[in-house]
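A.B. asks: Mind having a look at this structure? Questions to follow.
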Amino acid sequence: MFGKTSLSLLRSLTREFRYVTSDGKLLDRPLIRLILSEYRSNQVTTAQYCRGPDEMVWVADTYLQYIRSQRICRELTEKHQRREKTVQETADMIGFRLPTAPTNHKDN
């Protein structure tokens with residue numbers, strides 16, 4: 001249905017978690033242990049709990065897409081987040097010239 005096997009989805013999930021963890025100990029994370037236990041409990045058949053044959057694959061793929069999208073969004077936000085432009089920078093960008101303050105020249 002999705003073109004991915006359960007094992008490749010598990011590998012992709014752990015790869016995404018490696019992006020967000022600072023240390024390499026994924027097995028110490030409760031979420032990884034939960035995912036592995038779900039995979040182990042459903043390894044006989046995905047239909048053992050009266051689910052559709054591809055439901056567990058669909059859930060894993062949906063979760064993978066979610067965390068991957070969150071990572072990409074965070075990377076793009078960090079890359080493109082800028083400070084607010086000054087009035088002068090905005091005027092220069094659209095081709096306007098700001099008025100200058102008059103200078104007082106006294107002729108003696």
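Each chain of the structure tokens is named A, B, ... in the order shown, its residues numbered from 1; ligands are numbered from 1 in display order.
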With DSSP run on the backbone, what are the alpha helix (DSSP H) residues within chain A? I'd like them as a count of residues only.

C.D. replies: 61

A.B. asks: Can you tell me which residues surround Leu10 (chain A) at a distance of at most 9 Å, considering only C-alpha atoms, apart from same-chain residues fewer than 2 positions away, and format the answer as a PyMOL selection string?

C.D. replies: chain A and resi 5-8+12-15+35-36+39+60+64

A.B. asks: Residues of region 68-95 of chain A within 12 Å of region 19-31 of chain A: nearest atom pair and distance (Å, one decimal) for each, counting only C-alpha atoms, sorted by chain and number, as a tab-separated table?

C.D. replies:
```
residue	atom	partner	partner_atom	distance
A:Arg68	CA	A:Tyr19	CA	9.5
A:Gln70	CA	A:Val20	CA	10.4
A:Arg71	CA	A:Val20	CA	7.9
A:Ile72	CA	A:Tyr19	CA	10.6
A:Arg74	CA	A:Val20	CA	10.7
A:Glu75	CA	A:Tyr19	CA	11.0
```

A.B. asks: Could you save those same residues with C-alpha atoms as a JSON list (two decimals), in the first residue's frame?

C.D. replies:
```json
[["chain", "number", "residue", "atom", "x", "y", "z"],
["A", 68, "ARG", "CA", 9.99, 14.56, 9.58],
["A", 70, "GLN", "CA", 8.37, 19.04, 12.18],
["A", 71, "ARG", "CA", 12.15, 18.75, 11.74],
["A", 72, "ILE", "CA", 12.09, 20.31, 8.27],
["A", 74, "ARG", "CA", 12.20, 23.86, 12.37],
["A", 75, "GLU", "CA", 15.22, 23.86, 10.01]]
```

A.B. asks: What is the CA of Arg40 (chain A) to CA of Ser69 (chain A) distance in Å?

C.D. replies: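 Straight-line distance from CA of Arg40 (chain A) to CA of Ser69 (chain A) works out to 26.0 Å.
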